[in-house]
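Take a look at the structure set out below.
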Amino acid sequence: MTELSPSPKVVPPGSPARPARLPLLDVLRGVAILGTLMTNVWIFTAPGSEWGVLTGGVPEPSFASFPSAVESSLRLLANGKFLSLLTILFGVGLAIQYGSAARRGAPWPGRYRWRALFLFAEGTVHFILVFAWDVLMGYAVTALFVAWLLARSTVAQNRVMCWAAGLHLALMALLTAALAAEGAQSATPVSREAVDLYAHGGYWEQVGFRLDNAAVLRLEPVLSFFLLVFLFLLGVRLFRAGAFGSDATGRRIRARLLGWGLGLGLPLSVVSSLAGPELFLLDRYVGGPLTALGYIGLTGAVTARIRRPGPLLNGLTSAGRTALSGYVLQNVLCVLLAYGVGLGLAHRLDESWSPWWVIAMWALVCAVLLVGSTLWLRRFETGPLESVQKWALRR
């Protein structure tokens, strides 16, 4: 596979039709999907839900009691970490698509542009109808740029990777300095209108609210664009280095990721999280990506010790193979469980139930994804949304 010409090189006759599947990638995707839910479940259940987290609805970490310590710990372990992991894995998927085009001798990006545009359309529908904190739209835009970049030289890719990391860190530093300059202030109460909307409002009222406030609700992928580019390219680089293989090279790389990721990222997240809301961006967008690398190493180390896969590992593998469907389904289920358009648990259960009912909801949705994806793949090759995507792109 060439990295210097605009089109992938034709693979010589006799080369393998496609490389062996890397089981760890499916497991990591499953872990990323369930971990992303661990972040989002607190958004669904917060006062004002999607809008509330933008206006002071996220509580500061507290270890004053056992329930608050459990909630704070789970938030800390999930915030930004699994989203970064999912982003890295999306970059891996892009590298695999590039390799597939190379083996077929197909031009690049070629039809991949349509794949990215279709993903953007799926993300737009998901944003409007289900969940304002959609990641698919940002991934689609980033994928279009990185796909073009993969046909450039390795030097160009490395240069863009360094620039993206530098610009992201500079932006986070400036925003953090601005937050610190404002000084510590008490959290602004979430507006009663937003709380009532998600607790008692109709479904189409919520849809209209997302559309009316789309510019604000779509701010995260804009602010984190440079981070997305960096993590996409990091995923490409890790894949090409063999980080996800079961051989000695893969184990060695993952051991380094485990040490550096958890050794640097997790302490940074802990310090920035406990220091106050002014350092929120450092926790989510700097400590998060570093910790995600540690999660790759940790997941690889744990799965390497498993000699006979059980229901949990098989479920994670199935969830990883149906990641797109699982991502959308988990958000739909949370809407039906937490919002007033469904069971309305977020406003029906008082503080005495917190955080246990939120954790139970997360566990229930995870169980549905693990069991459902396993049963689905016994009859079908891909997940339902993956099948729709494949059908649409063949036409």
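For the structure tokens, the naming scheme is as follows: chains receive sequential letters (A, B, ...) according to their order of presentation, residues are indexed from 1 within each chain, and ligands are indexed from 1 in presentation order.
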Next on the checklist: Can you pull out the residues contacting range 304-315 of chain A? Cut-off 9 Å, using only C-alpha atoms, and skip same-chain residues under 5 positions away; I want them as a list of chain:residue names.
Outcome noted: A:Val27, A:Gly30, A:Ser246, A:Arg251, A:Thr299, A:Gly320, A:Ala367, A:Leu369, A:Leu370, A:Val371, A:Gly372, A:Ser373, A:Thr374
Now that the selection is made, can you save its residues with N, CA and C atoms as an mmCIF file, in the first residue's frame?
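out_17.cif, written as the output of this step:
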data_model
loop_
_atom_site.group_PDB
_atom_site.id
_atom_site.type_symbol
_atom_site.label_atom_id
_atom_site.label_comp_id
_atom_site.auth_asym_id
_atom_site.auth_seq_id
_atom_site.Cartn_x
_atom_site.Cartn_y
_atom_site.Cartn_z
ATOM 1 N N VAL A 27 -13.643 -5.876 20.006
ATOM 2 C CA VAL A 27 -13.807 -5.749 21.452
ATOM 3 C C VAL A 27 -13.670 -4.291 21.875
ATOM 4 N N GLY A 30 -16.730 -2.357 21.031
ATOM 5 C CA GLY A 30 -17.788 -2.643 21.994
ATOM 6 C C GLY A 30 -17.574 -1.904 23.300
ATOM 7 N N SER A 246 -2.161 -9.571 17.561
ATOM 8 C CA SER A 246 -1.954 -10.468 18.706
ATOM 9 C C SER A 246 -0.503 -10.918 18.836
ATOM 10 N N ARG A 251 1.553 -6.490 21.324
ATOM 11 C CA ARG A 251 1.602 -6.508 22.792
ATOM 12 C C ARG A 251 2.564 -5.448 23.321
ATOM 13 N N THR A 299 -7.429 -2.878 27.833
ATOM 14 C CA THR A 299 -8.336 -3.842 27.200
ATOM 15 C C THR A 299 -7.555 -4.956 26.521
ATOM 16 N N GLY A 320 -19.319 -4.494 19.142
ATOM 17 C CA GLY A 320 -18.345 -3.793 18.317
ATOM 18 C C GLY A 320 -18.609 -3.949 16.840
ATOM 19 N N ALA A 367 -26.877 -4.339 28.727
ATOM 20 C CA ALA A 367 -27.302 -5.735 28.589
ATOM 21 C C ALA A 367 -28.105 -5.936 27.311
ATOM 22 N N LEU A 369 -27.846 -4.188 24.578
ATOM 23 C CA LEU A 369 -26.921 -4.116 23.443
ATOM 24 C C LEU A 369 -26.104 -5.391 23.296
ATOM 25 N N LEU A 370 -25.591 -5.907 24.407
ATOM 26 C CA LEU A 370 -24.752 -7.107 24.345
ATOM 27 C C LEU A 370 -25.550 -8.319 23.878
ATOM 28 N N VAL A 371 -26.709 -8.520 24.473
ATOM 29 C CA VAL A 371 -27.532 -9.681 24.104
ATOM 30 C C VAL A 371 -28.139 -9.491 22.719
ATOM 31 N N GLY A 372 -28.667 -8.286 22.478
ATOM 32 C CA GLY A 372 -29.333 -8.030 21.205
ATOM 33 C C GLY A 372 -28.386 -8.162 20.021
ATOM 34 N N SER A 373 -27.185 -7.609 20.136
ATOM 35 C CA SER A 373 -26.233 -7.694 19.025
ATOM 36 C C SER A 373 -25.785 -9.129 18.789
ATOM 37 N N THR A 374 -25.620 -9.890 19.873
ATOM 38 C CA THR A 374 -25.222 -11.297 19.733
ATOM 39 C C THR A 374 -26.288 -12.093 18.999
#
Checklist entry - Which polymer residues have any atom within 12 Å of an atom of Leu364 in chain A, counting only C-alpha atoms, with same-chain residues fewer than 4 positions away left out, as a PyMOL selection string? => result chain A and resi 34+37-38+41+330+333-334+337+357-360+368-372
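Close contacts of Leu144 in chain A, defined as residues with an atom at most 9 Å away when counting only C-alpha atoms, with chain neighbours fewer than 2 positions off set aside, comprise Pro109, Tyr112, Arg113, Ala116, Leu117, Tyr139, Ala140, Val141, Thr142, Val146, Ala147, Trp148 and Leu149 of chain A.
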Item to check | Selection: 6 Å around Gly261 in chain A, only C-alpha atoms, excl. self and same-chain fewer than 4 positions, as JSON, numbers by chain | outcome: {"A": [257, 265, 290, 291, 293, 294]}
Store the residues picked out above in a file with N, CA, C and O atoms, as a tab-separated table (two decimals), in the first residue's frame.
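Full text of selection_5.tsv as output:
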chain	number	residue	atom	x	y	z
A	257	LEU	N	1.22	1.92	25.60
A	257	LEU	CA	0.00	2.73	25.69
A	257	LEU	C	-0.61	2.65	27.08
A	257	LEU	O	-1.09	3.66	27.63
A	265	GLY	N	-2.49	10.33	31.58
A	265	GLY	CA	-3.85	10.81	31.34
A	265	GLY	C	-4.75	10.77	32.55
A	265	GLY	O	-5.46	11.75	32.84
A	290	LEU	N	-5.55	11.08	26.36
A	290	LEU	CA	-4.41	10.35	26.91
A	290	LEU	C	-4.87	9.08	27.63
A	290	LEU	O	-4.30	8.00	27.45
A	291	THR	N	-5.92	9.21	28.42
A	291	THR	CA	-6.44	8.05	29.15
A	291	THR	C	-6.99	7.00	28.19
A	291	THR	O	-6.89	5.79	28.45
A	293	LEU	N	-5.80	6.09	25.41
A	293	LEU	CA	-4.69	5.23	24.99
A	293	LEU	C	-4.42	4.16	26.04
A	293	LEU	O	-4.12	3.01	25.71
A	294	GLY	N	-4.51	4.56	27.31
A	294	GLY	CA	-4.36	3.58	28.38
A	294	GLY	C	-5.45	2.53	28.36
A	294	GLY	O	-5.19	1.36	28.65
Next on the checklist: Would you pick out the contacts of Ser62 in chain A at 9 Å or less, using only C-alpha atoms, so that residues sharing its chain but fewer than 2 positions from it are not included, and give the list as a list in words?
Outcome noted: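 Everything that qualifies: Pro59, Glu60, Ala64, Ser65, Ser68, Ala69, Glu71, Ser72 and Leu274 of chain A.
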May I have the residues from that selection written out with N, CA and C atoms, as a PDB file, in the first residue's frame?
ATOM      1  N   PRO A  59     -22.873  18.460  37.912  1.00  0.00           N
ATOM      2  CA  PRO A  59     -22.384  18.714  39.273  1.00  0.00           C
ATOM      3  C   PRO A  59     -20.873  18.576  39.367  1.00  0.00           C
ATOM      4  N   GLU A  60     -20.282  19.315  40.285  1.00  0.00           N
ATOM      5  CA  GLU A  60     -18.856  19.184  40.531  1.00  0.00           C
ATOM      6  C   GLU A  60     -18.584  17.882  41.284  1.00  0.00           C
ATOM      7  N   ALA A  64     -18.086  13.458  49.394  1.00  0.00           N
ATOM      8  CA  ALA A  64     -18.592  13.656  50.753  1.00  0.00           C
ATOM      9  C   ALA A  64     -19.394  12.465  51.246  1.00  0.00           C
ATOM     10  N   SER A  65     -19.954  11.692  50.327  1.00  0.00           N
ATOM     11  CA  SER A  65     -20.736  10.508  50.701  1.00  0.00           C
ATOM     12  C   SER A  65     -20.427   9.397  49.718  1.00  0.00           C
ATOM     13  N   SER A  68     -22.236   9.876  46.223  1.00  0.00           N
ATOM     14  CA  SER A  68     -21.626  10.929  45.416  1.00  0.00           C
ATOM     15  C   SER A  68     -20.228  10.531  44.947  1.00  0.00           C
ATOM     16  N   ALA A  69     -19.507   9.773  45.768  1.00  0.00           N
ATOM     17  CA  ALA A  69     -18.175   9.311  45.377  1.00  0.00           C
ATOM     18  C   ALA A  69     -18.273   8.335  44.205  1.00  0.00           C
ATOM     19  N   GLU A  71     -20.699   8.202  41.918  1.00  0.00           N
ATOM     20  CA  GLU A  71     -21.072   8.966  40.728  1.00  0.00           C
ATOM     21  C   GLU A  71     -19.882   9.758  40.193  1.00  0.00           C
ATOM     22  N   SER A  72     -19.166  10.432  41.074  1.00  0.00           N
ATOM     23  CA  SER A  72     -18.018  11.232  40.637  1.00  0.00           C
ATOM     24  C   SER A  72     -16.944  10.363  40.007  1.00  0.00           C
ATOM     25  N   LEU A 274     -10.857  17.664  39.867  1.00  0.00           N
ATOM     26  CA  LEU A 274     -11.008  18.092  41.255  1.00  0.00           C
ATOM     27  C   LEU A 274     -10.673  19.567  41.456  1.00  0.00           C
TER      28      LEU A 274
END
Next on the checklist: When DSSP is applied to the backbone of this structure, which of range 165-389 of chain A are assigned helix (DSSP H, G or I)? Write them out as a VMD selection string.
Outcome noted: chain A and resid 165 to 182 192 to 200 203 to 212 214 to 217 219 to 223 225 to 241 248 to 275 277 to 304 311 to 321 323 to 338 345 to 348 351 to 353 356 to 377 384 to 389
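Proximity to Ser84 in chain A was assessed for A:Ala255, A:Val236, A:Ile296, A:Val190 counting only C-alpha atoms; the smallest distance is recorded for A:Ile296.
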Checklist entry - Hey, which of A:Thr322, A:Asn331, A:Ser191, A:Thr176 ends up closest to Trp362 in chain A? Count only C-alpha atoms. => result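 Once distances to Trp362 in chain A are computed over only C-alpha atoms, the minimum belongs to A:Asn331.
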Checklist entry - Could you name the residues that touch Gln97 in chain A at 12 Å or less, counting only C-alpha atoms, but leaving out those on the same chain fewer than 6 positions away, as a PyMOL selection string? => result chain A and resi 1+8+18-19+90-91+103-104+106-113+115-116+143+147+150+236+239
Convert the current residue selection to file output with N, CA, C and O atoms, as a PDB file, in the first residue's frame.
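out_18.pdb written:
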ATOM      1  N   MET A   1       0.847  -1.194   0.000  1.00  0.00           N
ATOM      2  CA  MET A   1       0.000   0.000   0.000  1.00  0.00           C
ATOM      3  C   MET A   1       0.877   1.236   0.000  1.00  0.00           C
ATOM      4  O   MET A   1       1.708   1.427   0.874  1.00  0.00           O
ATOM      5  N   PRO A   8      -4.303   4.531  -4.371  1.00  0.00           N
ATOM      6  CA  PRO A   8      -3.633   3.367  -3.825  1.00  0.00           C
ATOM      7  C   PRO A   8      -3.028   2.500  -4.918  1.00  0.00           C
ATOM      8  O   PRO A   8      -3.529   2.434  -6.042  1.00  0.00           O
ATOM      9  N   ARG A  18      -7.666 -10.163   1.512  1.00  0.00           N
ATOM     10  CA  ARG A  18      -7.892  -9.220   2.592  1.00  0.00           C
ATOM     11  C   ARG A  18      -7.169  -9.719   3.830  1.00  0.00           C
ATOM     12  O   ARG A  18      -6.997 -10.928   4.008  1.00  0.00           O
ATOM     13  N   PRO A  19      -6.720  -8.826   4.701  1.00  0.00           N
ATOM     14  CA  PRO A  19      -5.990  -9.251   5.889  1.00  0.00           C
ATOM     15  C   PRO A  19      -6.913  -9.935   6.882  1.00  0.00           C
ATOM     16  O   PRO A  19      -8.132  -9.791   6.830  1.00  0.00           O
ATOM     17  N   PHE A  90     -12.356   5.016  14.916  1.00  0.00           N
ATOM     18  CA  PHE A  90     -12.900   5.449  13.632  1.00  0.00           C
ATOM     19  C   PHE A  90     -11.754   5.705  12.659  1.00  0.00           C
ATOM     20  O   PHE A  90     -11.857   5.400  11.465  1.00  0.00           O
ATOM     21  N   GLY A  91     -10.662   6.268  13.173  1.00  0.00           N
ATOM     22  CA  GLY A  91      -9.482   6.440  12.331  1.00  0.00           C
ATOM     23  C   GLY A  91      -8.925   5.108  11.865  1.00  0.00           C
ATOM     24  O   GLY A  91      -8.475   4.974  10.711  1.00  0.00           O
ATOM     25  N   ARG A 103      -6.099  -2.719  -2.181  1.00  0.00           N
ATOM     26  CA  ARG A 103      -6.076  -4.105  -2.660  1.00  0.00           C
ATOM     27  C   ARG A 103      -6.925  -4.283  -3.920  1.00  0.00           C
ATOM     28  O   ARG A 103      -6.641  -5.143  -4.744  1.00  0.00           O
ATOM     29  N   ARG A 104      -7.973  -3.464  -4.053  1.00  0.00           N
ATOM     30  CA  ARG A 104      -8.813  -3.548  -5.245  1.00  0.00           C
ATOM     31  C   ARG A 104      -8.267  -2.713  -6.392  1.00  0.00           C
ATOM     32  O   ARG A 104      -8.788  -2.767  -7.510  1.00  0.00           O
ATOM     33  N   ALA A 106      -8.565   0.468  -6.495  1.00  0.00           N
ATOM     34  CA  ALA A 106      -9.568   1.508  -6.704  1.00  0.00           C
ATOM     35  C   ALA A 106      -8.995   2.875  -6.361  1.00  0.00           C
ATOM     36  O   ALA A 106      -8.114   3.001  -5.512  1.00  0.00           O
ATOM     37  N   PRO A 107      -9.482   3.930  -7.009  1.00  0.00           N
ATOM     38  CA  PRO A 107      -9.017   5.285  -6.676  1.00  0.00           C
ATOM     39  C   PRO A 107      -9.456   5.670  -5.269  1.00  0.00           C
ATOM     40  O   PRO A 107     -10.459   5.171  -4.750  1.00  0.00           O
ATOM     41  N   TRP A 108      -8.709   6.565  -4.663  1.00  0.00           N
ATOM     42  CA  TRP A 108      -9.005   6.998  -3.300  1.00  0.00           C
ATOM     43  C   TRP A 108      -8.985   8.531  -3.244  1.00  0.00           C
ATOM     44  O   TRP A 108      -8.118   9.140  -3.861  1.00  0.00           O
ATOM     45  N   PRO A 109      -9.941   9.167  -2.575  1.00  0.00           N
ATOM     46  CA  PRO A 109     -11.005   8.619  -1.737  1.00  0.00           C
ATOM     47  C   PRO A 109     -12.131   7.936  -2.506  1.00  0.00           C
ATOM     48  O   PRO A 109     -12.858   7.124  -1.945  1.00  0.00           O
ATOM     49  N   GLY A 110     -12.321   8.284  -3.784  1.00  0.00           N
ATOM     50  CA  GLY A 110     -13.316   7.577  -4.574  1.00  0.00           C
ATOM     51  C   GLY A 110     -14.684   7.565  -3.926  1.00  0.00           C
ATOM     52  O   GLY A 110     -15.216   8.597  -3.491  1.00  0.00           O
ATOM     53  N   ARG A 111     -15.246   6.363  -3.805  1.00  0.00           N
ATOM     54  CA  ARG A 111     -16.599   6.224  -3.271  1.00  0.00           C
ATOM     55  C   ARG A 111     -16.661   6.437  -1.758  1.00  0.00           C
ATOM     56  O   ARG A 111     -17.760   6.521  -1.203  1.00  0.00           O
ATOM     57  N   TYR A 112     -15.505   6.523  -1.127  1.00  0.00           N
ATOM     58  CA  TYR A 112     -15.551   6.754   0.317  1.00  0.00           C
ATOM     59  C   TYR A 112     -16.200   8.099   0.643  1.00  0.00           C
ATOM     60  O   TYR A 112     -16.782   8.266   1.719  1.00  0.00           O
ATOM     61  N   ARG A 113     -16.112   9.056  -0.280  1.00  0.00           N
ATOM     62  CA  ARG A 113     -16.768  10.341  -0.053  1.00  0.00           C
ATOM     63  C   ARG A 113     -18.262  10.150   0.197  1.00  0.00           C
ATOM     64  O   ARG A 113     -18.852  10.797   1.056  1.00  0.00           O
ATOM     65  N   ARG A 115     -19.657   7.487   1.363  1.00  0.00           N
ATOM     66  CA  ARG A 115     -19.807   6.851   2.662  1.00  0.00           C
ATOM     67  C   ARG A 115     -19.806   7.903   3.779  1.00  0.00           C
ATOM     68  O   ARG A 115     -20.632   7.856   4.693  1.00  0.00           O
ATOM     69  N   ALA A 116     -18.880   8.860   3.683  1.00  0.00           N
ATOM     70  CA  ALA A 116     -18.802   9.919   4.689  1.00  0.00           C
ATOM     71  C   ALA A 116     -20.035  10.819   4.637  1.00  0.00           C
ATOM     72  O   ALA A 116     -20.573  11.214   5.683  1.00  0.00           O
ATOM     73  N   ALA A 143     -13.696  12.767   8.608  1.00  0.00           N
ATOM     74  CA  ALA A 143     -13.325  11.654   7.735  1.00  0.00           C
ATOM     75  C   ALA A 143     -13.072  12.127   6.306  1.00  0.00           C
ATOM     76  O   ALA A 143     -12.165  11.623   5.630  1.00  0.00           O
ATOM     77  N   ALA A 147      -9.499  11.367   4.923  1.00  0.00           N
ATOM     78  CA  ALA A 147      -9.464  10.463   3.762  1.00  0.00           C
ATOM     79  C   ALA A 147      -8.650  11.082   2.633  1.00  0.00           C
ATOM     80  O   ALA A 147      -7.849  10.403   1.982  1.00  0.00           O
ATOM     81  N   LEU A 150      -4.930  10.862   3.508  1.00  0.00           N
ATOM     82  CA  LEU A 150      -4.281   9.549   3.436  1.00  0.00           C
ATOM     83  C   LEU A 150      -3.652   9.294   2.077  1.00  0.00           C
ATOM     84  O   LEU A 150      -2.764   8.429   1.963  1.00  0.00           O
ATOM     85  N   VAL A 236      -4.937   5.783  12.553  1.00  0.00           N
ATOM     86  CA  VAL A 236      -4.276   5.283  11.338  1.00  0.00           C
ATOM     87  C   VAL A 236      -2.862   4.832  11.660  1.00  0.00           C
ATOM     88  O   VAL A 236      -2.419   3.749  11.239  1.00  0.00           O
ATOM     89  N   PHE A 239      -2.723   1.632  13.775  1.00  0.00           N
ATOM     90  CA  PHE A 239      -3.095   0.462  12.981  1.00  0.00           C
ATOM     91  C   PHE A 239      -1.936   0.016  12.094  1.00  0.00           C
ATOM     92  O   PHE A 239      -1.607  -1.171  12.019  1.00  0.00           O
TER      93      PHE A 239
END
Next on the checklist: Let me make sure I understand: among A:Met137, A:Leu281, A:Leu233, A:Ala101, which one has the smallest atom-to-atom distance to Phe118 in chain A if we use only C-alpha atoms?
Outcome noted: A:Met137
Checklist entry - Val216 in chain A: which residues within 10 Å, counting only C-alpha atoms, same-chain residues fewer than 4 positions away excluded, as a count of residues only? => result 6
